[in-house]
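Undergrad: Sharing query15.cif, mmCIF, C-alpha atoms:
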```
data_run
#
loop_
_atom_site.label_atom_id
_atom_site.label_comp_id
_atom_site.auth_asym_id
_atom_site.auth_seq_id
_atom_site.Cartn_x
_atom_site.Cartn_y
_atom_site.Cartn_z
CA MET A 296 -1.83 -25.12 1.78
CA LYS A 297 -4.80 -24.69 4.07
CA VAL A 298 -5.35 -21.23 2.65
CA HIS A 299 -5.91 -22.66 -0.84
CA GLU A 300 -8.47 -25.13 0.47
CA ASP A 301 -10.40 -22.19 1.85
CA LEU A 302 -10.10 -20.17 -1.35
CA ASP A 303 -11.38 -23.11 -3.38
CA ASP A 304 -14.31 -23.47 -0.98
CA ILE A 305 -15.96 -20.21 -2.09
CA PRO A 306 -18.79 -20.88 -4.56
CA GLY A 307 -18.49 -19.45 -8.06
CA THR A 308 -15.20 -17.73 -7.33
CA THR A 309 -11.67 -18.03 -8.66
CA VAL A 310 -9.15 -16.24 -6.48
CA PHE A 311 -6.21 -14.89 -8.48
CA THR A 312 -3.28 -16.58 -6.77
CA ALA A 313 0.40 -16.50 -7.72
CA ALA A 314 -0.02 -19.85 -9.47
CA ARG A 315 -2.92 -18.53 -11.56
CA SER A 316 -0.90 -15.40 -12.28
CA HIS A 317 1.84 -17.65 -13.62
CA LEU A 318 -0.61 -19.72 -15.69
CA GLY A 319 -2.24 -16.62 -17.14
CA PHE A 320 0.83 -14.42 -17.57
CA HIS A 321 0.78 -14.15 -21.36
CA LEU A 322 -3.02 -14.01 -21.54
CA ASN A 323 -3.07 -11.10 -19.12
CA GLN A 324 -0.12 -9.38 -20.79
CA PHE A 325 -1.98 -9.61 -24.12
CA CYS A 326 -4.89 -7.86 -22.40
CA MET A 327 -2.57 -5.09 -21.19
CA SER A 328 -1.53 -4.44 -24.78
CA LEU A 329 -5.10 -3.33 -25.51
CA MET A 330 -4.51 -0.18 -23.49
CA LYS A 331 -3.03 1.35 -26.65
CA PRO A 332 -5.58 2.50 -29.25
CA GLU A 333 -3.43 1.31 -32.16
CA ASN A 334 -3.30 -2.19 -30.65
CA ARG A 335 -7.07 -2.21 -30.16
CA GLU A 336 -7.45 -1.41 -33.84
CA ARG A 337 -5.05 -4.15 -34.87
CA PHE A 338 -6.82 -6.65 -32.63
CA LYS A 339 -10.25 -5.71 -33.97
CA HIS A 340 -9.00 -5.87 -37.55
CA ASP A 341 -7.77 -9.47 -37.26
CA GLU A 342 -8.14 -11.06 -33.84
CA ALA A 343 -6.51 -14.38 -34.70
CA ALA A 344 -3.48 -12.70 -36.27
CA TYR A 345 -3.07 -10.39 -33.31
CA LEU A 346 -3.38 -13.25 -30.83
CA ALA A 347 -0.81 -15.27 -32.77
CA LYS A 348 1.86 -12.83 -31.59
CA TRP A 349 1.31 -13.96 -28.01
CA PRO A 350 2.43 -17.36 -26.68
CA LEU A 351 -1.03 -18.38 -25.50
CA SER A 352 -2.24 -21.91 -24.99
CA GLU A 353 -4.84 -23.23 -27.37
CA ALA A 354 -7.44 -23.06 -24.59
CA GLN A 355 -6.58 -19.44 -23.83
CA ARG A 356 -6.68 -18.44 -27.49
CA ASN A 357 -10.03 -20.12 -28.07
CA ALA A 358 -11.53 -18.61 -24.94
CA VAL A 359 -10.55 -15.11 -26.07
CA LEU A 360 -11.97 -15.61 -29.55
CA ALA A 361 -15.20 -16.98 -28.04
CA ARG A 362 -15.29 -14.22 -25.39
CA ASP A 363 -15.80 -16.98 -22.83
CA TYR A 364 -14.77 -15.04 -19.74
CA ASN A 365 -15.29 -17.88 -17.28
CA GLU A 366 -12.99 -20.04 -19.39
CA MET A 367 -10.43 -17.22 -19.64
CA ILE A 368 -10.47 -17.02 -15.84
CA ALA A 369 -10.07 -20.80 -15.60
CA GLN A 370 -7.01 -20.40 -17.83
CA GLY A 371 -5.37 -17.82 -15.57
CA GLY A 372 -7.07 -14.63 -16.70
CA ASN A 373 -7.72 -11.91 -14.16
CA ILE A 374 -10.86 -9.86 -14.42
CA TYR A 375 -9.10 -6.48 -14.38
CA PHE A 376 -6.90 -7.56 -17.27
CA LEU A 377 -9.80 -9.17 -19.12
CA ALA A 378 -11.66 -5.88 -18.75
CA LYS A 379 -9.42 -4.48 -21.49
CA ILE A 380 -11.01 -6.99 -23.91
CA PHE A 381 -14.61 -6.06 -23.17
CA ALA A 382 -13.68 -2.36 -23.09
CA THR A 383 -12.26 -2.85 -26.60
CA ASP A 384 -15.56 -4.49 -27.56
CA GLY A 385 -17.53 -1.58 -26.08
CA VAL A 386 -19.16 -3.94 -23.55
CA SER A 387 -19.85 -2.63 -20.05
CA PHE A 388 -18.45 -4.22 -16.90
CA GLN A 389 -22.01 -4.98 -15.86
CA SER A 390 -22.77 -6.85 -19.08
CA ALA A 391 -19.54 -8.81 -18.78
CA ALA A 392 -20.31 -9.70 -15.16
CA ALA A 393 -23.83 -10.73 -16.18
CA SER A 394 -22.47 -13.07 -18.84
CA MET A 395 -20.12 -14.71 -16.35
CA SER A 396 -22.95 -15.39 -13.95
CA GLY A 397 -25.09 -16.90 -16.69
CA MET A 398 -27.67 -14.11 -16.62
CA THR A 399 -28.92 -11.73 -19.24
CA THR A 400 -27.72 -8.15 -18.88
CA GLU A 401 -31.29 -7.08 -18.08
CA ALA A 402 -31.89 -9.71 -15.41
CA TYR A 403 -28.52 -8.99 -13.83
CA ALA A 404 -29.16 -5.23 -13.83
CA GLN A 405 -32.51 -5.83 -12.13
CA MET A 406 -30.83 -8.03 -9.52
CA MET A 407 -28.35 -5.26 -8.77
CA LEU A 408 -31.13 -2.67 -8.51
CA HIS A 409 -32.80 -4.94 -5.97
CA GLY A 410 -29.73 -5.08 -3.77
CA GLY A 411 -27.46 -7.50 -5.59
CA ARG A 412 -26.84 -11.20 -5.20
CA SER A 413 -27.48 -12.36 -1.65
CA PRO A 414 -24.51 -13.88 0.18
CA GLU A 415 -26.83 -16.58 1.60
CA GLY A 416 -25.56 -19.96 0.42
CA GLN A 417 -22.67 -18.26 -1.41
CA ARG A 418 -20.06 -18.29 1.35
CA SER A 419 -18.85 -21.87 1.61
CA ILE A 420 -19.36 -25.02 -0.40
CA ARG A 421 -18.38 -27.47 2.34
CA GLU A 422 -20.38 -25.71 5.04
CA GLY A 423 -23.39 -25.11 2.81
CA ARG A 424 -23.85 -21.54 3.96
CA MET B 273 4.85 20.84 10.59
CA ALA B 274 2.57 18.86 8.33
CA ARG B 275 -0.48 17.34 9.98
CA ILE B 276 -3.16 14.82 9.05
CA THR B 277 -6.50 16.50 9.59
CA ALA B 278 -9.07 14.15 8.16
CA GLY B 279 -9.74 10.89 6.40
CA VAL B 280 -12.11 9.94 3.63
CA THR B 281 -13.19 6.52 2.46
CA THR B 282 -14.99 5.96 -0.78
CA SER B 283 -15.59 3.28 -3.36
CA HIS B 284 -13.98 3.97 -6.73
CA VAL B 285 -16.24 2.24 -9.27
CA PRO B 286 -15.27 3.05 -12.90
CA ALA B 287 -18.92 3.48 -13.94
CA ILE B 288 -19.14 6.42 -11.52
CA GLY B 289 -16.36 8.11 -13.46
CA ALA B 290 -18.14 7.41 -16.73
CA ALA B 291 -21.38 8.88 -15.35
CA ILE B 292 -19.56 12.09 -14.39
CA ASP B 293 -17.61 12.31 -17.64
CA GLN B 294 -20.71 11.74 -19.76
CA GLY B 295 -22.97 14.12 -17.85
CA ARG B 296 -25.29 11.45 -16.42
CA THR B 297 -25.10 12.38 -12.73
CA GLU B 298 -28.73 13.61 -12.66
CA THR B 299 -30.32 10.46 -14.05
CA GLU B 300 -32.71 8.38 -11.98
CA TYR B 301 -30.04 5.71 -11.64
CA TRP B 302 -27.15 7.94 -10.61
CA ALA B 303 -28.68 10.92 -8.78
CA PRO B 304 -29.10 9.10 -5.43
CA LEU B 305 -25.44 8.12 -5.48
CA PHE B 306 -24.10 11.59 -6.19
CA ALA B 307 -26.43 13.10 -3.58
CA GLY B 308 -24.46 11.12 -1.01
CA TYR B 309 -21.39 13.21 -1.83
CA ASP B 310 -23.00 16.67 -1.76
CA TRP B 311 -22.12 17.22 1.90
CA SER B 312 -18.54 16.05 1.33
CA LYS B 313 -17.98 18.38 -1.62
CA LYS B 314 -19.00 21.37 0.49
CA TRP B 315 -16.91 20.11 3.39
CA ILE B 316 -13.74 19.71 1.34
CA ALA B 317 -14.19 23.09 -0.35
CA HIS B 318 -14.06 24.53 3.15
CA GLU B 319 -11.23 22.31 4.40
CA ARG B 320 -8.96 22.99 1.41
CA PRO B 321 -6.36 20.29 2.07
CA ASP B 322 -2.93 20.89 0.53
CA VAL B 323 -2.21 17.23 -0.11
CA VAL B 324 -4.17 14.01 -0.23
CA VAL B 325 -2.27 10.81 0.48
CA LEU B 326 -4.53 8.68 -1.67
CA VAL B 327 -4.54 4.95 -0.97
CA TYR B 328 -5.91 3.04 -3.95
CA ASN B 329 -5.23 0.06 -6.11
CA ASP B 330 -4.10 -0.02 -9.68
CA HIS B 331 -6.35 -2.17 -11.90
CA ALA B 332 -3.86 -3.56 -14.41
CA SER B 333 -3.11 -0.06 -15.68
CA ALA B 334 0.31 1.02 -14.40
CA PHE B 335 1.33 -2.41 -13.13
CA SER B 336 1.10 -5.41 -15.40
CA LEU B 337 1.99 -8.88 -14.18
CA GLU B 338 5.68 -8.15 -14.79
CA VAL B 339 6.08 -6.56 -11.37
CA ILE B 340 3.52 -6.60 -8.56
CA PRO B 341 4.48 -4.30 -5.70
CA THR B 342 2.54 -4.78 -2.48
CA PHE B 343 2.93 -1.14 -1.42
CA ALA B 344 4.12 1.52 -3.88
CA ILE B 345 4.32 5.29 -3.55
CA GLY B 346 4.29 7.66 -6.50
CA CYS B 347 7.06 10.26 -6.27
CA ALA B 348 6.56 11.94 -9.66
CA ASP B 349 5.74 15.59 -10.35
CA GLN B 350 2.67 14.53 -12.27
CA PHE B 351 0.70 11.38 -13.06
CA GLU B 352 -0.95 10.93 -16.44
CA ILE B 353 -4.43 9.46 -16.77
CA ALA B 354 -4.39 5.81 -17.85
CA ASP B 355 -6.13 4.51 -20.95
CA GLU B 356 -8.03 1.55 -19.50
CA GLY B 357 -9.22 0.30 -22.85
CA PHE B 358 -11.66 3.02 -23.90
CA GLY B 359 -9.41 6.09 -23.88
CA PRO B 360 -8.24 8.06 -20.83
CA ARG B 361 -10.87 9.74 -18.63
CA PRO B 362 -11.19 13.43 -19.62
CA VAL B 363 -9.87 14.69 -16.29
CA PRO B 364 -6.82 16.84 -15.51
CA PRO B 365 -3.48 15.17 -14.83
CA VAL B 366 -2.86 14.44 -11.17
CA ILE B 367 -0.22 16.70 -9.65
CA GLY B 368 2.06 14.99 -7.18
CA HIS B 369 3.99 16.26 -4.20
CA PRO B 370 7.39 14.70 -4.86
CA ASP B 371 9.08 16.21 -1.84
CA LEU B 372 6.52 14.87 0.61
CA ALA B 373 6.37 11.58 -1.30
CA CYS B 374 10.15 11.14 -1.05
CA HIS B 375 9.99 11.99 2.64
CA LEU B 376 7.28 9.37 3.12
CA VAL B 377 9.23 6.72 1.23
CA GLU B 378 12.40 7.32 3.24
CA SER B 379 10.61 7.53 6.56
CA LEU B 380 8.50 4.43 5.91
CA ILE B 381 11.40 2.26 4.77
CA LEU B 382 13.40 3.24 7.84
CA ASP B 383 10.25 2.51 9.87
CA GLN B 384 10.24 -1.11 8.58
CA PHE B 385 7.87 -0.72 5.58
CA ASP B 386 9.57 -1.81 2.37
CA ILE B 387 7.93 0.56 -0.06
CA THR B 388 8.36 0.35 -3.84
CA VAL B 389 9.32 3.74 -5.31
CA VAL B 390 7.50 4.73 -8.49
CA ASN B 391 8.90 7.66 -10.45
CA GLN B 392 6.59 7.33 -13.41
CA MET B 393 3.13 5.85 -13.66
CA ALA B 394 -0.31 6.48 -15.06
CA VAL B 395 -3.22 6.47 -12.64
CA ASP B 396 -6.56 4.83 -13.33
CA HIS B 397 -10.13 5.05 -12.03
CA GLY B 398 -9.02 3.78 -8.63
CA LEU B 399 -7.40 7.15 -8.00
CA THR B 400 -9.32 9.54 -10.27
CA VAL B 401 -12.90 8.55 -9.41
CA PRO B 402 -12.47 9.52 -5.73
CA LEU B 403 -11.04 12.88 -6.85
CA SER B 404 -14.04 13.42 -9.12
CA LEU B 405 -16.49 12.47 -6.38
CA LEU B 406 -15.03 15.02 -3.97
CA PHE B 407 -13.97 17.80 -6.35
CA GLY B 408 -16.33 17.47 -9.32
CA GLN B 409 -15.01 18.57 -12.70
CA PRO B 410 -12.42 21.32 -12.19
CA ASP B 411 -9.95 22.42 -14.89
CA ALA B 412 -7.17 21.46 -12.51
CA TRP B 413 -7.36 19.38 -9.32
CA PRO B 414 -7.28 21.74 -6.33
CA VAL B 415 -5.00 19.46 -4.36
CA ARG B 416 -1.69 17.67 -4.73
CA VAL B 417 -1.77 13.91 -4.46
CA VAL B 418 0.68 11.34 -3.14
CA PRO B 419 -0.53 8.04 -4.61
CA VAL B 420 -0.14 4.99 -2.41
CA ALA B 421 -0.84 1.92 -4.53
CA VAL B 422 -1.69 -1.32 -2.74
CA ASN B 423 -1.78 -4.70 -4.46
CA VAL B 424 -5.23 -6.19 -4.04
CA ILE B 425 -5.30 -7.89 -7.46
CA GLN B 426 -3.08 -10.90 -6.89
CA PHE B 427 -3.74 -12.90 -3.73
CA PRO B 428 -2.73 -12.26 -1.07
CA PRO B 429 -3.04 -8.53 -0.55
CA PRO B 430 -1.33 -7.23 2.56
CA THR B 431 -3.27 -8.09 5.72
CA GLY B 432 -5.64 -5.61 7.27
CA GLU B 433 -3.32 -5.30 10.25
CA ARG B 434 -0.36 -4.54 8.00
CA CYS B 435 -2.41 -1.89 6.21
CA TYR B 436 -3.42 -0.39 9.53
CA GLN B 437 0.20 -0.32 10.70
CA LEU B 438 1.26 1.31 7.42
CA GLY B 439 -1.28 4.03 8.15
CA ARG B 440 0.22 4.51 11.61
CA ALA B 441 3.66 4.81 10.04
CA ILE B 442 2.34 7.35 7.50
CA ARG B 443 1.04 9.37 10.44
CA ARG B 444 4.47 9.33 12.10
CA ALA B 445 6.16 10.27 8.83
CA VAL B 446 3.82 13.18 8.03
CA ALA B 447 4.36 14.56 11.54
CA THR B 448 8.08 14.95 10.83
CA TYR B 449 7.66 16.78 7.52
CA PRO B 450 8.76 20.36 8.16
CA GLU B 451 6.39 22.27 5.90
CA ASP B 452 3.05 23.36 7.32
CA LEU B 453 0.72 21.22 5.23
CA ASN B 454 -2.90 20.23 5.71
CA VAL B 455 -2.84 16.55 4.72
CA GLN B 456 -5.78 14.22 4.29
CA VAL B 457 -5.54 10.47 3.88
CA TRP B 458 -8.10 8.72 1.71
CA GLY B 459 -8.78 4.99 1.63
CA THR B 460 -10.59 3.88 -1.51
CA GLY B 461 -12.19 0.77 -2.99
CA GLY B 462 -14.85 -1.56 -1.67
CA MET B 463 -17.43 -2.09 -0.49
CA SER B 464 -18.85 -5.55 -1.21
CA HIS B 465 -18.58 -6.57 -4.84
CA GLN B 466 -17.61 -9.46 -7.02
CA LEU B 467 -16.86 -8.86 -10.68
CA HIS B 468 -16.19 -12.33 -12.01
CA GLY B 469 -17.62 -15.81 -12.19
CA PRO B 470 -21.01 -17.26 -11.31
CA ARG B 471 -21.06 -15.35 -7.99
CA ALA B 472 -20.70 -11.95 -9.74
CA GLY B 473 -22.99 -9.32 -8.33
CA LEU B 474 -22.67 -10.38 -4.70
CA ILE B 475 -23.60 -7.58 -2.29
CA ASN B 476 -23.57 -7.94 1.49
CA ARG B 477 -25.33 -4.98 3.05
CA THR B 478 -25.02 -6.38 6.59
CA PHE B 479 -21.28 -6.89 6.31
CA ASP B 480 -20.76 -3.47 4.73
CA ASN B 481 -22.68 -1.57 7.38
CA ALA B 482 -20.91 -3.42 10.18
CA TYR B 483 -17.63 -2.44 8.53
CA LEU B 484 -18.69 1.20 8.38
CA ASP B 485 -19.69 1.00 12.06
CA ASP B 486 -16.52 -0.67 13.23
CA LEU B 487 -14.10 1.74 11.58
CA THR B 488 -15.01 3.95 14.50
CA SER B 489 -16.35 1.52 17.10
CA ASP B 490 -14.53 -1.83 16.89
CA LEU B 491 -11.30 -1.35 15.03
CA ASP B 492 -9.77 -4.47 16.57
CA ARG B 493 -12.32 -6.63 14.74
CA LEU B 494 -11.38 -5.12 11.40
CA ARG B 495 -7.64 -5.23 12.09
CA SER B 496 -7.78 -8.97 12.74
CA MET B 497 -10.21 -9.88 9.95
CA ALA B 498 -8.72 -12.65 7.78
CA HIS B 499 -8.69 -12.44 3.99
CA ILE B 500 -11.01 -15.42 3.72
CA GLU B 501 -13.72 -13.55 5.62
CA TYR B 502 -13.54 -10.62 3.18
CA LEU B 503 -13.65 -13.01 0.26
CA ARG B 504 -16.60 -15.03 1.56
CA GLU B 505 -18.63 -12.11 2.91
CA ALA B 506 -17.79 -9.15 0.69
CA GLY B 507 -17.03 -10.83 -2.64
CA SER B 508 -13.67 -11.47 -4.21
CA GLU B 509 -13.14 -7.80 -5.09
CA GLY B 510 -14.50 -6.58 -1.76
CA ILE B 511 -11.08 -7.32 -0.29
CA GLU B 512 -10.14 -3.82 -1.50
CA LEU B 513 -11.51 -2.77 1.90
CA VAL B 514 -8.14 -3.50 3.52
CA MET B 515 -7.05 -0.18 1.98
CA TRP B 516 -9.50 1.66 4.21
CA LEU B 517 -7.46 0.49 7.19
CA VAL B 518 -4.41 2.44 5.93
CA MET B 519 -6.54 5.56 6.13
CA ARG B 520 -7.84 4.60 9.55
CA GLY B 521 -4.38 3.95 10.93
CA ALA B 522 -3.19 7.32 9.65
CA LEU B 523 -5.84 9.20 11.61
CA GLY B 524 -4.70 8.19 15.07
CA ASP B 525 -6.74 6.64 17.82
CA ALA B 526 -9.62 9.07 18.22
CA VAL B 527 -11.72 10.18 15.29
CA THR B 528 -15.01 11.96 14.89
CA PRO B 529 -17.33 10.70 12.14
CA LEU B 530 -18.64 13.65 10.14
CA HIS B 531 -20.49 12.00 7.28
CA ARG B 532 -21.61 8.52 6.27
CA PHE B 533 -23.25 7.25 3.10
CA TYR B 534 -24.11 3.81 1.75
CA HIS B 535 -25.73 3.01 -1.56
CA VAL B 536 -26.44 -0.03 -3.74
CA PRO B 537 -25.79 -0.34 -6.63
CA ALA B 538 -23.16 1.44 -8.66
CA SER B 539 -22.90 -0.98 -11.55
CA ASN B 540 -21.73 -4.18 -9.75
CA THR B 541 -20.76 -2.59 -6.48
CA ALA B 542 -21.94 -1.37 -3.09
CA VAL B 543 -20.75 2.18 -2.47
CA GLY B 544 -19.65 3.25 1.00
CA HIS B 545 -18.37 6.66 1.95
CA LEU B 546 -17.16 8.08 5.24
CA VAL B 547 -15.62 11.38 6.27
CA LEU B 548 -13.69 11.21 9.54
CA ASP B 549 -12.18 14.13 11.41
CA ALA B 550 -8.78 13.47 12.96
CA THR B 551 -8.24 16.69 14.85
CA VAL B 552 -8.66 16.01 18.53
CA SER B 553 -9.09 19.00 20.79
#
```
Is it possible to give me this structure as structure tokens?

TA:
Amino acid sequence: MKVHEDLDDIPGTTVFTAARSHLGFHLNQFCMSLMKPENRERFKHDEAAYLAKWPLSEAQRNAVLARDYNEMIAQGGNIYFLAKIFATDGVSFQSAAASMSGMTTEAYAQMMLHGGRSPEGQRSIREGR
Amino acid sequence: MARITAGVTTSHVPAIGAAIDQGRTETEYWAPLFAGYDWSKKWIAHERPDVVVLVYNDHASAFSLEVIPTFAIGCADQFEIADEGFGPRPVPPVIGHPDLACHLVESLILDQFDITVVNQMAVDHGLTVPLSLLFGQPDAWPVRVVPVAVNVIQFPPPTGERCYQLGRAIRRAVATYPEDLNVQVWGTGGMSHQLHGPRAGLINRTFDNAYLDDLTSDLDRLRSMAHIEYLREAGSEGIELVMWLVMRGALGDAVTPLHRFYHVPASNTAVGHLVLDATVS
């Protein structure tokens, strides 16, 4: 579909399409389970055992254990679902976003204080703008 | 008869809720943001709306990936506060207006909008942060709320034009509700932000301010804006802005801007806030 060519043309961005929703269904549903305090405790107590209850792919499981959010997104994770993991860890949204963009929390926070990441060069890969 | 008197747009960043809940609104970081809402808090205390039709998006709180409604209206008596992973926000439960909500659902479906009916759901920061920004920290919210949840999580969200037309249909539906109610419509979310991936932190001040301008001066441009333009210009999560067009459609053709505020940053996000008067003399 033409629309997917356009979505894939945005630098550093993974748009959460129906196909990605399908790929990441169990990963994202696992994240939803962390909305209950008792499940957060069980997850923190033994992450691997908790994850074993969910039919995740090996790549999804490893990405969660490594807290590799870019990889979780590549495996169908959606940021609002993944937010339940870093909330469970006591990590702020800003720190999580910083880690995904390859910046330290401090450098990222400074960038935001100075107006955020410029859209220049961030709009289109093929058009270089 | 019920009437729509005003519209409000505001971003709904979770960190704003945390700053309020944890008493950090006066810090160097947060004070400039909250100052932008001082006028609006006084205004709404004077306006005293009976009901807010609050257009927002759920952030994987009430709706998992099991069911993803494009437009959903909450018809419950009350909506509990969602636990988003760090315990529920310490704010009062949100009181609904089931009779108006049921009227809206019936009117909208018969007016060609296939609304999902929700009789039980928790509400997250998308709905409660705007309430906190306008009403502060009361023991009970001084307004009833009809939640209108819009899918902006899984692509594609409804188009801007569809959102605008939904707003127009909400206006028609409210006008046929027999009780004399002062109704406001709020559109929340935005402005530019991206929360994931290497492009996280994107802010587009030029795009945002043109959007604020054109809600009152060039609505046709916003109504026809394609998703890809939001995604490229305003960041992947900036597409929440389509929800503002529901509010704008609900106000009718002529509006008077009463208040405007823009601030960067709130955590990862550009904050935009408008108050629009819908009462035309």

Undergrad: Given the choices B:Pro470, B:Pro428, B:Gly346, B:Gly398, which gets closest to chain A if the distance is worked out from all atoms listed in the file?

TA: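 Comparing B:Pro470, B:Pro428, B:Gly346, B:Gly398 against chain A, the winner is B:Pro470.
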
Undergrad: What's the separation between atom CA of A:Phe388 and atom CA of B:Ala287, in Å to one decimal place?

TA: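 Going from atom CA of A:Phe388 over to atom CA of B:Ala287 covers 8.3 Å.
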
Undergrad: Do me a favour and pick out the residues of chain B within 10 Å of chain A, using all atoms listed in the file, as a ChimeraX atom specification.

TA: /B:286-287,301,330-338,354-360,424-428,464-479,499-501,503-509,535-542

Undergrad: May I have the residues within 10 Å of B:Arg444 as a list of chain:residue names, using only C-alpha atoms and disregarding those fewer than 3 positions away in the same chain?

TA: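 Residues meeting the cut-off are B:Arg275, B:Ile276, B:Leu376, B:Ser379, B:Leu380, B:Asp383, B:Leu438, B:Gly439, B:Arg440, B:Ala441, B:Ala447, B:Thr448, B:Tyr449, B:Ala522, B:Gly524.
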
Undergrad: Quick one: pull the distance between atom CA of B:Val390 and atom CA of B:Ala344, Å, one decimal.

TA: 6.6 Å

Undergrad: Any chance you could work out the residue set of the PyMOL selection byres ((chain B and resi 363-366) around 10) here, as an MDAnalysis selection string?

TA: chainID B and resid 289 293 348:354 360:362 367:369 394:395 399:401 403:404 408:419

Undergrad: Applying 12 Å and only C-alpha atoms, which residues near B:Ala550 remain after dropping the ones on its own chain fewer than 2 positions away? List them as a ChimeraX atom specification.

TA: /B:275-280,443,454-457,488,519-530,547-548,552-553

Undergrad: Keeping only C-alpha atoms, write the selected residues as a PDB file, in the frame of the given file.

TA:
```pdb
ATOM      1  CA  ARG B 275      -0.480  17.340   9.980  1.00  0.00           C
ATOM      2  CA  ILE B 276      -3.160  14.820   9.050  1.00  0.00           C
ATOM      3  CA  THR B 277      -6.500  16.500   9.590  1.00  0.00           C
ATOM      4  CA  ALA B 278      -9.070  14.150   8.160  1.00  0.00           C
ATOM      5  CA  GLY B 279      -9.740  10.890   6.400  1.00  0.00           C
ATOM      6  CA  VAL B 280     -12.110   9.940   3.630  1.00  0.00           C
ATOM      7  CA  ARG B 443       1.040   9.370  10.440  1.00  0.00           C
ATOM      8  CA  ASN B 454      -2.900  20.230   5.710  1.00  0.00           C
ATOM      9  CA  VAL B 455      -2.840  16.550   4.720  1.00  0.00           C
ATOM     10  CA  GLN B 456      -5.780  14.220   4.290  1.00  0.00           C
ATOM     11  CA  VAL B 457      -5.540  10.470   3.880  1.00  0.00           C
ATOM     12  CA  THR B 488     -15.010   3.950  14.500  1.00  0.00           C
ATOM     13  CA  MET B 519      -6.540   5.560   6.130  1.00  0.00           C
ATOM     14  CA  ARG B 520      -7.840   4.600   9.550  1.00  0.00           C
ATOM     15  CA  GLY B 521      -4.380   3.950  10.930  1.00  0.00           C
ATOM     16  CA  ALA B 522      -3.190   7.320   9.650  1.00  0.00           C
ATOM     17  CA  LEU B 523      -5.840   9.200  11.610  1.00  0.00           C
ATOM     18  CA  GLY B 524      -4.700   8.190  15.070  1.00  0.00           C
ATOM     19  CA  ASP B 525      -6.740   6.640  17.820  1.00  0.00           C
ATOM     20  CA  ALA B 526      -9.620   9.070  18.220  1.00  0.00           C
ATOM     21  CA  VAL B 527     -11.720  10.180  15.290  1.00  0.00           C
ATOM     22  CA  THR B 528     -15.010  11.960  14.890  1.00  0.00           C
ATOM     23  CA  PRO B 529     -17.330  10.700  12.140  1.00  0.00           C
ATOM     24  CA  LEU B 530     -18.640  13.650  10.140  1.00  0.00           C
ATOM     25  CA  VAL B 547     -15.620  11.380   6.270  1.00  0.00           C
ATOM     26  CA  LEU B 548     -13.690  11.210   9.540  1.00  0.00           C
ATOM     27  CA  VAL B 552      -8.660  16.010  18.530  1.00  0.00           C
ATOM     28  CA  SER B 553      -9.090  19.000  20.790  1.00  0.00           C
TER      29      SER B 553
END
```

Undergrad: For B:Arg320, which residue out of B:Ala482, B:Leu453, B:Tyr502, B:Thr460 is the nearest one, using only C-alpha atoms?

TA: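 So, comparing all the options, the nearest one is B:Leu453.
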